[in-house]
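Notes to accompany the following structure.
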Amino acid sequence: MNNQFSDVSTPWLTPIFEHLVATYQTGRFAHGLLLTGSTGIGIFKQAQKIAQYLLCSNKQADGPCYHCHSCNLFLAHNHLDFHFLENEVNKTIGIEQVRSLIAILNERPNLGDNKVVIIKNAQLLTVPAANALLKTLEEPQGNSYIILLARTHHQLMPTMLSRVQHTHLHTPEDSVLLAWLADLGFVVEDKGLLRLYQNSPLALLNHLKNVQQGSEQDERKNCVEGLFTLLYMPETLFTFSHFLAESVEKRLQLLFHLLHDLHKLKLSDDAIDNDAIYTFALPQLKIWQSQVTLKSLRYLCSELLHTRTLLIDHSGLKKELLINALLIKIKNEFKENTTC
Ligand SMILES: [Zn+2]
């Protein structure tokens with residue numbers, strides 16, 4: 001996703017980048033850097049920009065020059081002093097990978113003064129691999145810099161954390177995000193969509209582009225429709241069940257959000273404005289929240305998560321049977337035209 005948006009601006013990351021540049025210019029930049037942040041915030045893009053800056057031979061006050069030989073090689077993905085390490089799909093990062101990386105770092109830089117490594121998914125370093133890296137972080141060879149990327153710092157060993165400079169990338173506020181999306185041609189009025197993507201800009205942009213191109217749809221709408229038909233035309237249960245079974249992890253999560261929004265709405269009318277994911281369906285949600293008790297909603301949320309976990313962990317189970325049973329429980333807890 002990151003490469004796809006390499007030419008998209010990321011204004012929410014600018015203050016952090018400027019801060020890191022200032023740190024470098026005053027000689028306080030650490031050789032081990034940890035960047036954390038949620039998926040779709042632009043963490044890899046930020047790490048690449050820092051790497052380009054560290055390698056640039058004509059550093060400017062606000063970042064890399066974009067014109068020197070080093071910058072050109074970097075932008076062409078052809079810089080010999082830049083290295084990238086990540087796990088293979090469903091695998092950890094092992095000691096052999098780290099050893100060969102350290103061997104490279106021990107050589108002199110090919111071009112300028114610095115060498116830079118980005119390690120993506122640093123939480124997947126095995127304990128021996130992380131231990132091998134510790135020594136390099138402690139006594140870096142020459143001017144080598146290691147940039148570790150992870151979702152949160154809790155995923156890394158304390159011994160590693162104590163040897164790196166940690167920077168967390170925060171998601172932008174609604175106003176910043178909405179203005180950025182509008183600049184890119186996407187006027188979003190539904191704040192529920194922001195909540196669904198936890199304000200992660202690139203994840204949101206990816207979704208909006210896919211919806212525009214017709215390769216993806218806003219499946220929250222399918223969930224509202226699905227619940228509606230389940231409650232008022234229960235004979236269509238199988239259609240909704242089939243829809244959910246096609247993508248259990250994602251779609252049951254969306255259905256969970258719907259029940260959870262109803263729960264929030266029952267507790268307070270205000271909560272729905274800021275936290276809800278289904279803001280676009282508020283009138284319908286208001287009707288439904290009067291047809292179900294808080295106790296029922298808690299029970300259903302817990303049953304739903306239980307079913308979801310079962311189906312994710314055991315791929316051999318009959319998906320639609322379990323989902324049908326869940327949907328029948330939901331149908332039974334809602335009482336038509338009854339005020340609870
Ligand atoms: Zn440059």
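A note on labels: chains of the structure tokens are A, B, ... as shown, every chain counts residues from 1, and ligands are counted from 1 in their shown order.
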Quiz item: Skipping near chain neighbours, those fewer than 3 positions away, what residues fall within 12 Å of A:Asn206 using only C-alpha atoms, listed as a list in words?
Solution: Met1, Asn2, Asn3, Gln4, Phe5, Val8, Thr39, Gly40, Ile41, Leu181, Leu184, Phe186, Tyr197, Ser200, Pro201, Leu202, Ala203, Lys209, Asn210, Val211, Gln212, Gln213, Ser215, Glu216 and Gln217 of chain A
Practice problem: Excluding A:Phe238 and any residue of its chain fewer than 4 positions from it, enumerate the residues within 9 Å of it, using only C-alpha atoms, and give them as a PyMOL selection string. | Solution: chain A and resi 234+242-243+320+324
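Using only C-alpha atoms and all ligand atoms, the shortest contact distance between ligand 1 and any of A:Cys65, A:Ala150, A:Val292, A:Leu137 is found at A:Cys65.
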Practice problem: Point out the residue among A:Leu156, A:Ala122, A:Leu55, A:Leu204 with the least atom-to-atom distance to ligand 1, counting only C-alpha atoms and all ligand atoms. | Solution: A:Leu55
Practice problem: With only C-alpha atoms and all ligand atoms counted, collect every polymer residue having an atom within 9 Å of ligand 1; state the result as a PyMOL selection string. | Solution: chain A and resi 52-53+55-60+63-72+74
Would you mind exporting C-alpha atoms of the selected residues as a PDB file, in the first residue's frame?
```pdb
ATOM      1  CA  GLN A  52      17.247   9.371   2.121  1.00  0.00           C
ATOM      2  CA  TYR A  53      18.141  12.308   4.347  1.00  0.00           C
ATOM      3  CA  LEU A  55      22.366   9.297   2.851  1.00  0.00           C
ATOM      4  CA  CYS A  56      22.003  12.656   1.057  1.00  0.00           C
ATOM      5  CA  SER A  57      25.377  14.288   0.343  1.00  0.00           C
ATOM      6  CA  ASN A  58      23.939  17.803   0.244  1.00  0.00           C
ATOM      7  CA  LYS A  59      21.609  17.876   3.257  1.00  0.00           C
ATOM      8  CA  GLN A  60      19.316  20.878   3.417  1.00  0.00           C
ATOM      9  CA  GLY A  63      15.531  17.496   4.585  1.00  0.00           C
ATOM     10  CA  PRO A  64      17.285  15.759   1.676  1.00  0.00           C
ATOM     11  CA  CYS A  65      18.201  17.813  -1.411  1.00  0.00           C
ATOM     12  CA  TYR A  66      16.507  15.448  -3.926  1.00  0.00           C
ATOM     13  CA  HIS A  67      19.183  16.331  -6.526  1.00  0.00           C
ATOM     14  CA  CYS A  68      22.525  14.863  -5.488  1.00  0.00           C
ATOM     15  CA  HIS A  69      23.862  11.571  -6.849  1.00  0.00           C
ATOM     16  CA  SER A  70      22.915   9.857  -3.602  1.00  0.00           C
ATOM     17  CA  CYS A  71      19.322  11.155  -3.646  1.00  0.00           C
ATOM     18  CA  ASN A  72      18.948  10.114  -7.288  1.00  0.00           C
ATOM     19  CA  PHE A  74      17.930   6.386  -3.525  1.00  0.00           C
TER      20      PHE A  74
END
```
Practice problem: For A:Leu258, work out the shell of residues within 9 Å, counting only C-alpha atoms and skipping chain neighbours fewer than 5 positions away, then give it as a PyMOL selection string. | Solution: chain A and resi 220+223-224+253+263+276-278+285
Self-check item: Polymer residues at most 9 Å from stretch 99-106 of chain A, only C-alpha atoms, same-chain spacing of 4 or more positions, as a list in words
Solution: Asp81, His83, Leu85, Gly94, Ile95, Lys115, Val116, Val117, Ala129, Ala132, Leu133, Thr136, Pro140, Gln141, Gly142, Asn143, Ser144 and Tyr145 of chain A
Near stretch 15-29 of chain A, within 9 Å and counting only C-alpha atoms, which residues show up once chain neighbours fewer than 3 positions away are dropped, as a CSV table (one decimal) with C-alpha atoms, in the first residue's frame?
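The new file around.csv reads:
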```
chain,number,residue,atom,x,y,z
A,11,PRO,CA,1.5,16.5,6.0
A,12,TRP,CA,0.7,14.9,9.4
A,32,GLY,CA,19.1,3.0,16.4
A,33,LEU,CA,15.7,4.5,15.7
A,46,GLN,CA,8.6,8.3,6.7
A,49,LYS,CA,12.5,9.8,3.9
A,50,ILE,CA,14.7,9.7,6.9
A,53,TYR,CA,18.1,12.3,4.3
A,54,LEU,CA,20.8,10.4,6.2
A,61,ALA,CA,17.9,22.6,6.5
A,62,ASP,CA,14.6,20.9,6.0
A,63,GLY,CA,15.5,17.5,4.6
A,165,GLN,CA,15.3,6.4,20.1
A,167,THR,CA,9.2,8.1,17.9
A,168,HIS,CA,5.5,7.3,17.7
A,169,LEU,CA,3.6,8.5,14.6
```
Quiz item: How far is it from atom CA of A:Glu303 to atom CA of A:Gly316, in Å with one decimal?
Solution: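 Interatomic distance, atom CA of A:Glu303 to atom CA of A:Gly316: 19.4 Å.
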I'd like the contact shell of A:Ile328 - 10 Å cut-off, only C-alpha atoms, skipping same-chain residues fewer than 5 positions apart - returned as a short mmCIF file (atom, residue, chain, number, x, y, z; two decimals) with N, CA and C atoms, in the first residue's frame.
```
data_model
loop_
_atom_site.label_atom_id
_atom_site.label_comp_id
_atom_site.auth_asym_id
_atom_site.auth_seq_id
_atom_site.Cartn_x
_atom_site.Cartn_y
_atom_site.Cartn_z
N LEU A 230 -32.72 -9.41 8.22
CA LEU A 230 -32.77 -10.49 9.21
C LEU A 230 -33.92 -10.27 10.19
N LEU A 231 -34.09 -9.00 10.61
CA LEU A 231 -35.11 -8.70 11.61
C LEU A 231 -36.52 -8.67 11.04
N PRO A 234 -36.95 -12.60 8.03
CA PRO A 234 -35.99 -13.62 8.49
C PRO A 234 -35.73 -14.73 7.48
N LEU A 237 -32.29 -14.86 5.88
CA LEU A 237 -31.13 -15.11 6.75
C LEU A 237 -29.94 -15.68 5.98
N ILE A 323 -22.52 -19.27 11.59
CA ILE A 323 -23.03 -17.91 11.39
C ILE A 323 -24.55 -17.89 11.45
N GLU A 333 -32.98 -11.81 20.07
CA GLU A 333 -32.80 -10.80 21.12
C GLU A 333 -33.50 -9.48 20.80
#
```
Self-check item: Test item, alpha helix (DSSP H) assignment across stretch 47-255 of chain A, answer as a ChimeraX atom specification
Solution: /A:47-55,69-75,95-106,127-138,158-161,174-183,191-196,201-213,219-232,237-246,248-255
